[in-house]
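So this one's protein.txt, compact mmCIF, C-alpha atoms:
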```
# COMPACT_ATOMS: atom_id res chain seq x y z
CA MET V 1 -69.38 49.18 126.82
CA LYS V 2 -71.14 46.75 124.56
CA LYS V 3 -73.91 44.49 125.77
CA ARG V 4 -72.75 40.99 126.77
CA SER V 5 -74.90 38.56 124.84
CA VAL V 6 -73.04 35.52 123.47
CA ILE V 7 -76.53 34.11 123.17
CA THR V 8 -79.60 35.70 124.68
CA ALA V 9 -80.75 34.77 128.15
CA ALA V 10 -84.01 33.46 126.75
CA MET V 11 -82.05 31.00 124.60
CA VAL V 12 -79.59 29.94 127.27
CA PHE V 13 -81.87 29.27 130.22
CA PHE V 14 -83.51 26.20 128.76
CA THR V 15 -80.13 24.54 128.26
CA LEU V 16 -78.95 25.73 131.67
CA TRP V 17 -82.07 24.30 133.28
CA MET V 18 -81.72 21.00 131.43
CA ALA V 19 -78.12 20.67 132.58
CA ALA V 20 -79.07 21.54 136.15
CA GLY V 21 -81.83 18.94 136.12
CA VAL V 22 -79.72 16.06 134.86
CA GLY V 23 -76.18 17.35 135.12
CA ASN V 24 -72.87 16.47 136.67
CA THR V 25 -71.89 16.02 140.31
CA ALA V 26 -72.00 19.73 141.00
CA ALA V 27 -75.42 19.99 139.43
CA ALA V 28 -76.54 17.15 141.64
CA GLN V 29 -76.52 19.68 144.48
CA ASN V 30 -79.87 20.65 142.96
CA PRO V 31 -79.54 24.31 142.01
CA SER V 32 -82.95 25.26 140.73
CA ALA V 33 -83.55 26.78 137.31
CA ASN V 34 -84.60 29.97 139.09
CA ASP V 35 -81.36 30.08 141.08
CA ILE V 36 -79.31 29.64 137.94
CA GLU V 37 -81.28 32.26 136.07
CA ALA V 38 -81.01 34.76 138.93
CA LEU V 39 -77.25 34.30 139.16
CA TYR V 40 -76.86 34.54 135.39
CA GLN V 41 -78.87 37.76 135.25
CA LYS V 42 -76.96 39.18 138.21
CA GLY V 43 -73.70 38.53 136.38
CA LEU V 44 -74.92 40.19 133.19
CA ALA V 45 -76.19 43.19 135.14
CA ALA V 46 -72.82 43.54 136.89
CA HIS V 47 -71.04 43.48 133.54
CA LYS V 48 -73.34 46.20 132.23
CA THR V 49 -72.40 48.51 135.12
CA ASN V 50 -68.68 47.68 134.84
CA ASP V 51 -68.77 45.82 138.17
CA TYR V 52 -66.33 43.23 136.91
CA LYS V 53 -65.60 41.77 140.35
CA THR V 54 -69.25 40.73 140.78
CA PHE V 55 -69.39 39.64 137.13
CA LEU V 56 -66.51 37.25 137.83
CA GLU V 57 -67.95 35.97 141.11
CA CYS V 58 -71.31 35.16 139.51
CA PHE V 59 -69.81 33.15 136.67
CA GLN V 60 -67.37 31.38 138.96
CA GLN V 61 -70.38 30.13 140.91
CA LEU V 62 -72.20 29.16 137.72
CA ASP V 63 -69.14 27.21 136.56
CA THR V 64 -69.32 25.07 139.71
CA MET V 65 -72.99 24.34 138.98
CA LEU V 66 -72.64 23.62 135.26
CA THR V 67 -69.11 22.59 134.40
CA ASN V 68 -68.03 22.93 130.76
CA HIS V 69 -71.10 24.88 129.69
CA PRO V 70 -69.97 26.99 126.67
CA THR V 71 -71.92 30.14 127.56
CA ILE V 72 -70.59 30.10 131.11
CA MET V 73 -67.03 29.43 129.97
CA TYR V 74 -67.18 32.31 127.49
CA ASN V 75 -68.39 34.78 130.11
CA LEU V 76 -65.99 33.45 132.73
CA ALA V 77 -63.04 33.88 130.37
CA ALA V 78 -64.19 37.45 129.69
CA ALA V 79 -64.54 38.09 133.43
CA TYR V 80 -60.99 36.90 134.10
CA SER V 81 -59.73 39.10 131.27
CA LEU V 82 -61.55 42.13 132.67
CA ASN V 83 -60.14 41.39 136.14
CA ASN V 84 -56.56 41.23 134.84
CA GLN V 85 -56.15 37.49 135.30
CA PRO V 86 -54.82 36.56 131.83
CA GLU V 87 -53.69 33.02 132.67
CA LYS V 88 -57.17 31.98 133.79
CA ALA V 89 -58.78 33.77 130.85
CA ILE V 90 -56.55 31.80 128.46
CA LEU V 91 -57.27 28.57 130.36
CA TYR V 92 -61.03 28.94 129.92
CA LEU V 93 -60.76 30.03 126.28
CA ASN V 94 -58.69 26.93 125.54
CA ARG V 95 -61.39 24.81 127.17
CA LEU V 96 -64.08 26.68 125.29
CA VAL V 97 -62.77 26.43 121.73
CA VAL V 98 -62.71 22.63 121.93
CA ILE V 99 -66.52 22.62 122.05
CA ASP V 100 -67.36 26.09 120.68
CA ALA V 101 -64.87 27.76 118.36
CA ASN V 102 -66.63 31.09 118.78
CA PRO V 103 -65.38 33.68 116.24
CA LYS V 104 -66.90 36.49 118.35
CA ILE V 105 -63.88 36.23 120.62
CA ALA V 106 -61.74 37.96 117.99
CA ALA V 107 -63.84 41.14 118.11
CA ASP V 108 -65.01 41.14 121.73
CA LYS V 109 -63.53 44.16 123.56
CA ASP V 110 -63.67 42.29 126.84
CA PHE V 111 -60.62 40.33 125.66
CA ASN V 112 -58.57 43.41 124.75
CA SER V 113 -56.33 42.99 127.79
CA ILE V 114 -55.14 39.57 126.57
CA ARG V 115 -55.23 40.26 122.83
CA LYS V 116 -51.41 40.43 122.53
CA ASN V 117 -50.88 37.42 124.77
CA PRO V 118 -49.23 34.58 122.79
CA GLY V 119 -51.77 32.15 124.21
CA CYS V 120 -54.65 34.29 122.98
CA LYS V 121 -53.07 34.59 119.54
CA LYS V 122 -52.88 30.80 119.33
CA ILE V 123 -56.54 30.52 120.32
CA LEU V 124 -57.65 33.03 117.69
CA SER V 125 -55.58 31.21 115.07
CA ARG V 126 -57.18 27.92 116.08
CA ILE V 127 -60.68 29.41 115.87
CA GLU V 128 -59.95 30.76 112.40
CA GLU V 129 -58.67 27.36 111.29
CA LEU V 130 -61.71 25.55 112.69
CA GLN V 131 -64.05 27.85 110.79
CA LYS V 132 -62.65 26.68 107.46
CA PRO V 133 -64.84 23.94 105.93
CA LEU V 134 -62.98 20.70 105.31
CA THR V 135 -64.81 18.59 102.78
CA THR V 136 -63.55 15.30 101.40
CA SER V 137 -66.96 13.82 100.62
CA LYS V 138 -69.18 13.79 97.56
CA VAL V 139 -72.94 13.79 97.05
CA ALA V 140 -74.32 10.25 97.25
CA PHE V 141 -77.93 11.10 96.39
CA ILE V 142 -80.46 13.90 96.77
CA VAL V 143 -83.90 13.69 98.37
CA LYS V 144 -85.97 16.57 96.99
CA GLU V 145 -88.50 16.49 99.84
CA ARG V 146 -87.06 19.51 101.66
CA ASP V 147 -89.15 19.28 104.82
CA MET V 148 -88.48 15.61 105.47
CA HIS V 149 -85.90 16.26 108.24
CA PRO V 150 -83.98 12.98 107.90
CA GLU V 151 -82.42 11.75 111.14
CA SER V 152 -80.93 8.31 110.52
CA ILE V 153 -79.54 6.36 107.59
CA ALA V 154 -79.22 2.59 107.08
CA TYR V 155 -78.01 0.42 104.21
CA ASP V 156 -79.20 -2.91 102.82
CA SER V 157 -76.23 -4.60 101.17
CA LYS V 158 -78.41 -7.22 99.46
CA THR V 159 -80.37 -4.70 97.35
CA ASP V 160 -77.84 -1.83 97.41
CA THR V 161 -80.50 0.41 98.95
CA PHE V 162 -80.30 3.18 101.53
CA TYR V 163 -83.08 3.98 104.00
CA LEU V 164 -83.76 7.33 105.66
CA SER V 165 -85.95 8.12 108.66
CA SER V 166 -88.07 11.28 108.74
CA VAL V 167 -88.60 13.29 111.91
CA HIS V 168 -91.13 15.70 110.41
CA LYS V 169 -92.98 13.47 107.96
CA ARG V 170 -93.21 10.48 110.36
CA LYS V 171 -92.11 7.97 107.74
CA ILE V 172 -89.25 6.00 106.19
CA VAL V 173 -88.06 6.30 102.59
CA SER V 174 -85.73 4.16 100.50
CA VAL V 175 -83.19 5.30 97.92
CA ASP V 176 -82.06 2.72 95.37
CA LYS V 177 -78.75 2.58 93.50
CA ASN V 178 -80.17 4.82 90.77
CA GLY V 179 -81.13 7.49 93.30
CA THR V 180 -84.85 6.78 93.02
CA VAL V 181 -86.67 7.72 96.23
CA THR V 182 -89.63 5.57 97.31
CA GLU V 183 -91.79 5.62 100.42
CA PHE V 184 -91.11 2.56 102.54
CA THR V 185 -93.92 3.64 104.85
CA ALA V 186 -96.53 6.35 104.42
CA GLU V 187 -96.82 9.29 106.81
CA ALA V 188 -97.82 8.15 110.32
CA GLN V 189 -98.43 4.63 109.02
CA ASP V 190 -98.91 2.02 111.77
CA GLY V 191 -98.89 4.81 114.36
CA LEU V 192 -95.39 6.06 113.55
CA ASP V 193 -94.40 9.33 115.21
CA SER V 194 -91.09 11.02 114.43
CA VAL V 195 -88.87 8.25 113.09
CA LEU V 196 -85.39 8.52 114.58
CA GLY V 197 -83.04 5.56 114.54
CA ILE V 198 -83.24 2.83 111.92
CA CYS V 199 -81.12 -0.25 111.34
CA ILE V 200 -81.14 -3.13 108.89
CA ASP V 201 -80.93 -6.85 109.65
CA ALA V 202 -80.09 -7.86 106.09
CA ALA V 203 -79.83 -11.58 106.81
CA ASN V 204 -83.32 -11.81 108.32
CA ARG V 205 -84.79 -9.11 106.03
CA VAL V 206 -85.87 -6.84 108.88
CA LEU V 207 -85.86 -3.07 109.27
CA TRP V 208 -85.94 -1.79 112.86
CA ALA V 209 -87.10 1.76 113.57
CA SER V 210 -87.34 3.75 116.78
CA SER V 211 -90.07 6.35 117.00
CA ALA V 212 -90.99 9.09 119.47
CA ALA V 213 -93.69 11.76 119.58
CA SER V 214 -91.98 15.07 118.91
CA PRO V 215 -93.03 18.72 118.53
CA TYR V 216 -91.15 18.64 115.21
CA MET V 217 -93.49 16.08 113.64
CA LYS V 218 -96.56 16.82 111.56
CA GLY V 219 -99.79 16.85 113.55
CA TYR V 220 -98.17 16.94 116.99
CA ASN V 221 -100.64 17.43 119.84
CA GLU V 222 -98.89 17.76 123.19
CA ALA V 223 -101.88 16.75 125.26
CA ALA V 224 -102.42 13.55 123.30
CA ASP V 225 -98.92 12.68 122.11
CA LYS V 226 -96.35 13.72 124.72
CA GLY V 227 -94.17 10.89 125.97
CA ARG V 228 -95.20 8.26 123.43
CA THR V 229 -92.29 6.19 122.14
CA GLY V 230 -91.69 2.74 120.70
CA VAL V 231 -89.85 0.45 118.32
CA PHE V 232 -91.29 -0.80 115.02
CA LYS V 233 -90.22 -4.01 113.27
CA TYR V 234 -90.84 -4.20 109.50
CA HIS V 235 -90.25 -6.91 106.93
CA LEU V 236 -87.71 -5.35 104.60
CA ASP V 237 -89.05 -6.83 101.37
CA SER V 238 -92.82 -6.77 101.91
CA LYS V 239 -92.70 -3.45 103.87
CA LYS V 240 -95.28 -4.89 106.25
CA LEU V 241 -95.26 -4.23 109.98
CA VAL V 242 -94.23 -7.37 111.87
CA LYS V 243 -94.54 -6.03 115.42
CA LYS V 244 -94.34 -2.85 117.44
CA TYR V 245 -93.08 -2.42 120.97
CA ILE V 246 -94.53 0.61 122.77
CA LEU V 247 -93.00 1.79 126.03
CA GLN V 248 -95.57 2.37 128.76
CA GLU V 249 -93.54 4.02 131.49
CA GLY V 250 -94.64 7.66 131.56
CA GLU V 251 -93.56 10.79 129.74
CA ASP V 252 -89.84 10.93 130.56
CA HIS V 253 -88.79 8.74 127.65
CA GLY V 254 -87.96 9.15 123.99
CA PHE V 255 -86.23 6.44 121.97
CA ASP V 256 -83.43 7.60 119.70
CA ASP V 257 -80.95 5.20 118.15
CA VAL V 258 -81.54 1.51 117.44
CA VAL V 259 -78.75 -1.01 116.71
CA LEU V 260 -78.43 -4.73 116.13
CA ASN V 261 -75.97 -6.81 118.14
CA PRO V 262 -74.24 -9.66 116.23
CA ASN V 263 -76.12 -12.10 118.50
CA GLY V 264 -79.45 -10.84 117.14
CA ASP V 265 -80.51 -8.69 120.11
CA VAL V 266 -81.70 -5.16 119.39
CA TYR V 267 -80.61 -2.22 121.58
CA ILE V 268 -82.32 1.16 121.81
CA SER V 269 -81.09 4.40 123.40
CA ASP V 270 -83.53 6.28 125.60
CA GLU V 271 -82.13 9.49 127.09
CA ARG V 272 -80.93 8.18 130.48
CA SER V 273 -81.07 4.44 129.82
CA ILE V 274 -80.73 1.75 127.17
CA TYR V 275 -83.37 -0.87 126.34
CA ARG V 276 -83.09 -4.13 124.42
CA ILE V 277 -85.26 -6.63 122.59
CA PRO V 278 -83.60 -10.06 123.01
CA ALA V 279 -83.98 -12.33 120.00
CA ALA V 280 -84.84 -15.19 122.37
CA THR V 281 -87.84 -13.52 124.03
CA ASP V 282 -88.87 -10.84 121.51
CA GLN V 283 -89.94 -8.67 124.47
CA MET V 284 -88.58 -5.20 125.21
CA GLU V 285 -86.80 -4.78 128.54
CA PRO V 286 -84.38 -2.37 130.31
CA ALA V 287 -80.76 -3.28 129.60
CA VAL V 288 -78.47 -0.56 130.98
CA ARG V 289 -79.10 2.19 133.50
CA HIS V 290 -76.43 4.41 135.01
CA PRO V 291 -76.47 7.63 137.05
CA GLY V 292 -73.92 9.15 134.67
CA PHE V 293 -76.26 8.89 131.69
CA LEU V 294 -77.63 12.33 130.81
CA SER V 295 -78.68 12.09 127.16
CA ILE V 296 -77.79 8.82 125.42
CA GLN V 297 -77.81 9.07 121.62
CA GLY V 298 -75.80 6.93 119.18
CA LEU V 299 -74.95 3.30 119.95
CA ASP V 300 -72.69 0.71 118.36
CA PHE V 301 -70.84 -2.49 119.23
CA CYS V 302 -67.11 -3.13 119.26
CA GLY V 303 -64.98 -6.23 119.51
CA ASN V 304 -67.19 -9.16 118.56
CA GLY V 305 -70.26 -7.50 119.98
CA GLU V 306 -69.36 -8.17 123.59
CA LYS V 307 -68.93 -4.47 124.29
CA MET V 308 -71.07 -1.48 123.40
CA LEU V 309 -70.19 2.18 122.89
CA ALA V 310 -72.85 4.71 123.85
CA ALA V 311 -72.59 8.40 123.02
CA ASP V 312 -73.92 10.72 125.71
CA TYR V 313 -74.68 14.12 124.22
CA VAL V 314 -73.55 15.86 127.41
CA SER V 315 -70.82 13.65 128.85
CA GLY V 316 -68.95 11.81 126.10
CA VAL V 317 -68.79 8.12 125.16
CA PHE V 318 -69.44 5.26 127.60
CA LEU V 319 -68.01 1.74 127.27
CA ILE V 320 -70.45 -0.98 128.35
CA GLU V 321 -70.12 -4.73 128.89
CA VAL V 322 -73.03 -6.20 126.95
CA ALA V 323 -73.45 -9.49 128.84
CA THR V 324 -73.85 -7.83 132.24
CA GLY V 325 -75.01 -4.32 131.27
CA LYS V 326 -72.17 -2.95 133.40
CA VAL V 327 -70.87 0.50 132.50
CA LEU V 328 -67.08 0.13 132.44
CA GLY V 329 -66.45 3.87 132.28
CA GLU V 330 -66.15 6.75 129.88
CA VAL V 331 -63.79 6.51 126.92
CA ALA V 332 -60.80 8.73 127.73
CA TYR V 333 -59.58 11.37 125.29
CA PRO V 334 -56.91 14.09 125.14
CA PRO V 335 -57.78 17.68 126.16
CA GLU V 336 -57.47 19.10 122.65
CA ILE V 337 -60.63 17.28 121.52
CA SER V 338 -64.07 16.61 122.97
CA LEU V 339 -66.43 13.66 122.74
CA LYS V 340 -69.42 15.80 123.72
CA GLY V 341 -72.25 16.66 121.37
CA ILE V 342 -72.21 13.34 119.48
CA ASP V 343 -75.52 12.33 117.90
CA GLY V 344 -74.59 9.58 115.42
CA LEU V 345 -71.90 7.07 116.40
CA TYR V 346 -70.46 4.23 114.33
CA TYR V 347 -67.71 1.71 115.06
CA HIS V 348 -65.36 0.98 112.14
CA ARG V 349 -63.99 -2.46 112.81
CA LYS V 350 -61.16 -2.56 110.28
CA SER V 351 -59.44 0.53 111.68
CA ASN V 352 -60.69 0.11 115.27
CA SER V 353 -62.07 3.62 115.22
CA LEU V 354 -65.20 5.62 115.92
CA VAL V 355 -66.93 7.77 113.34
CA ALA V 356 -68.80 10.45 115.26
CA ILE V 357 -71.33 12.97 113.99
CA HIS V 358 -70.97 16.02 116.24
CA ASN V 359 -73.94 18.33 115.92
CA GLY V 360 -73.46 19.60 119.48
CA LEU V 361 -70.07 21.20 118.85
CA LYS V 362 -69.44 24.44 116.96
CA PRO V 363 -68.67 24.18 114.15
CA GLN V 364 -70.52 20.92 113.55
CA ARG V 365 -68.34 18.16 112.19
CA VAL V 366 -67.85 14.49 111.35
CA MET V 367 -64.82 13.03 113.09
CA GLN V 368 -62.88 9.77 113.16
CA TYR V 369 -61.33 8.76 116.49
CA PHE V 370 -58.90 5.85 116.72
CA LEU V 371 -59.32 3.61 119.77
CA SER V 372 -56.92 1.70 122.00
CA SER V 373 -57.07 -2.07 121.71
CA ASP V 374 -59.21 -2.33 124.86
CA PHE V 375 -61.54 0.49 123.64
CA THR V 376 -61.02 2.52 126.83
CA ARG V 377 -59.29 5.52 125.23
```

Since I need it in another form, could you write the structure as structure tokens?
Amino acid sequence: MKKRSVITAAMVFFTLWMAAGVGNTAAAQNPSANDIEALYQKGLAAHKTNDYKTFLECFQQLDTMLTNHPTIMYNLAAAYSLNNQPEKAILYLNRLVVIDANPKIAADKDFNSIRKNPGCKKILSRIEELQKPLTTSKVAFIVKERDMHPESIAYDSKTDTFYLSSVHKRKIVSVDKNGTVTEFTAEAQDGLDSVLGICIDAANRVLWASSAASPYMKGYNEAADKGRTGVFKYHLDSKKLVKKYILQEGEDHGFDDVVLNPNGDVYISDERSIYRIPAATDQMEPAVRHPGFLSIQGLDFCGNGEKMLAADYVSGVFLIEVATGKVLGEVAYPPEISLKGIDGLYYHRKSNSLVAIHNGLKPQRVMQYFLSSDFTR
């Protein structure tokens, strides 16, 4: 019997712990990281000794703690297969491939009992199809600085210039229409840490950038840097810093995306909340907090700016009423897709659709999702 690995325990426990700490309703029952790890290891040990009943019981319990976790779903599907419960094995594989089209399923002996099942054949065919690259894009420009680690991109329509943020080099660069790359800021200039989200206010000639201290940046010192995050406002033409807004609320913060509302207010995603800088006050303040927020990433506005879409890396996409900060709910979607694992999110007004950059699904992908007229599904 081969060793069950999917991914190693050392790799999985951090993500399991993170989900347990901030997860769904089941996770809110507060299973500790140690409890999860012990149950996970017990399940793997049972599999190794061909104790498939215990293997199944362990991963059934884990599934109640961390719903829709790909590693748990994979093992649970295998456990159902090994316990001669093909319908449930197929059910979990269908749920799994939406977020992780794992090609290992095709060769895993634990699924031999369902290999000839029509449902399994459809799943394997779907996995094979999803592994095929689909490319309809072309190269726009090339930045030769290979260790820059760009995170965000913004465009200035007035000068036909793109801007890129650098996580590792702690800076912003511009790329003109000829493909010439120029430093907009130098490394760590003005106290920049990893630069994450950037957006352009072309009319007022402003570049907004969110920044957070990160282990991935040059010169990171955990003792001195951990938890530092802020927003930087630059004049787009002079490249001079206009103002910076540093959050002073402890270590459990890290700004990510930054977007401009049509009314001039700036909104910033911060893991489990959203901040704003109103044009009227020019002071940063909390804007939206919600118990369902687990890891807020990309933001954008729909309608005439009266509603906001916020991508949660774990949960999906939330619809928010801007004027009140009220979370109206999660955007609904059919079972054959998933809105999890979205980092970048953009609203395309003309087609009333979302362009989503999924780097949390396997394989990674860029998707376009068409919305209902009320943006709820």

Rounded to one decimal, what separation in Å do you get between atom CA of Ile90 of chain V and atom CA of Asn359 of chain V?
25.3 Å

Between atom CA of Thr49 of chain V and atom CA of Thr64 of chain V, what is the spacing in Å?
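Between atom CA of Thr64 of chain V and atom CA of Thr49 of chain V the gap is 24.1 Å.
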
Counting all atoms listed in the file, figure out which residue out of V:Glu129, V:Asp256, V:Glu222, V:Asp300 gets nearest to Ser210 of chain V.
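Smallest separation from Ser210 of chain V among the options: V:Asp256.
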
May I have the residues within 12 Å of Tyr267 of chain V as a PyMOL selection string, using all atoms listed in the file and disregarding those fewer than 2 positions away in the same chain?
chain V and resi 197-199+208-210+231+255-265+269-270+273-279+282-288+297-301+305+308-310+322+325

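Around the coordinate (-80.8, 9.1, 108.6), residues that reach within 6 Å when counting only C-alpha atoms are Pro150, Glu151, Ser152, Ile153, Leu164 and Ser165 of chain V.
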
Can you work out which one of V:His290, V:Ala213, V:Asn221, V:Phe184 has the shortest atom-to-atom distance to His235 of chain V, counting all atoms listed in the file?
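Result for the nearest residue to His235 of chain V: V:Phe184.
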
May I ask for the distance between atom CA of Lys350 of chain V and atom CA of Phe370 of chain V, given in Å to one decimal place?
10.8 Å

Tyr92 of chain V: which residues within 8 Å, counting all atoms listed in the file, same-chain residues fewer than 6 positions away excluded, as a list in words?
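Listing them by chain and then by number gives Met73, Tyr74, Leu76 and Ala77 of chain V.
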
Polymer residues at most 9 Å from Asp147 of chain V, only C-alpha atoms, same-chain spacing of 5 or more positions, as a VMD selection string:
chain V and resid 166 168 to 169

For Gly316 of chain V, list every protein, DNA or RNA residue within 12 Å, evaluated using all atoms listed in the file, and leave out those in the same chain fewer than 4 positions away; present the list as an mmCIF file with C-alpha atoms, in the coordinates of the input.
```cif
data_model
loop_
_atom_site.group_PDB
_atom_site.id
_atom_site.type_symbol
_atom_site.label_atom_id
_atom_site.label_comp_id
_atom_site.auth_asym_id
_atom_site.auth_seq_id
_atom_site.Cartn_x
_atom_site.Cartn_y
_atom_site.Cartn_z
ATOM 1 C CA ILE V 99 -66.520 22.620 122.050
ATOM 2 C CA GLY V 292 -73.920 9.150 134.670
ATOM 3 C CA PHE V 293 -76.260 8.890 131.690
ATOM 4 C CA LEU V 294 -77.630 12.330 130.810
ATOM 5 C CA SER V 295 -78.680 12.090 127.160
ATOM 6 C CA ILE V 296 -77.790 8.820 125.420
ATOM 7 C CA GLN V 297 -77.810 9.070 121.620
ATOM 8 C CA GLY V 298 -75.800 6.930 119.180
ATOM 9 C CA LEU V 309 -70.190 2.180 122.890
ATOM 10 C CA ALA V 310 -72.850 4.710 123.850
ATOM 11 C CA ALA V 311 -72.590 8.400 123.020
ATOM 12 C CA ASP V 312 -73.920 10.720 125.710
ATOM 13 C CA GLY V 329 -66.450 3.870 132.280
ATOM 14 C CA GLU V 330 -66.150 6.750 129.880
ATOM 15 C CA VAL V 331 -63.790 6.510 126.920
ATOM 16 C CA ALA V 332 -60.800 8.730 127.730
ATOM 17 C CA TYR V 333 -59.580 11.370 125.290
ATOM 18 C CA ILE V 337 -60.630 17.280 121.520
ATOM 19 C CA SER V 338 -64.070 16.610 122.970
ATOM 20 C CA LEU V 339 -66.430 13.660 122.740
ATOM 21 C CA LYS V 340 -69.420 15.800 123.720
ATOM 22 C CA GLY V 341 -72.250 16.660 121.370
ATOM 23 C CA ILE V 342 -72.210 13.340 119.480
ATOM 24 C CA ASP V 343 -75.520 12.330 117.900
ATOM 25 C CA LEU V 345 -71.900 7.070 116.400
ATOM 26 C CA ALA V 356 -68.800 10.450 115.260
ATOM 27 C CA HIS V 358 -70.970 16.020 116.240
ATOM 28 C CA GLY V 360 -73.460 19.600 119.480
ATOM 29 C CA LEU V 361 -70.070 21.200 118.850
ATOM 30 C CA ARG V 377 -59.290 5.520 125.230
#
```

Distance criterion (all atoms listed in the file): nearest to Gly191 of chain V out of V:Leu241, V:Val143, V:Ala79, V:Leu319
V:Leu241
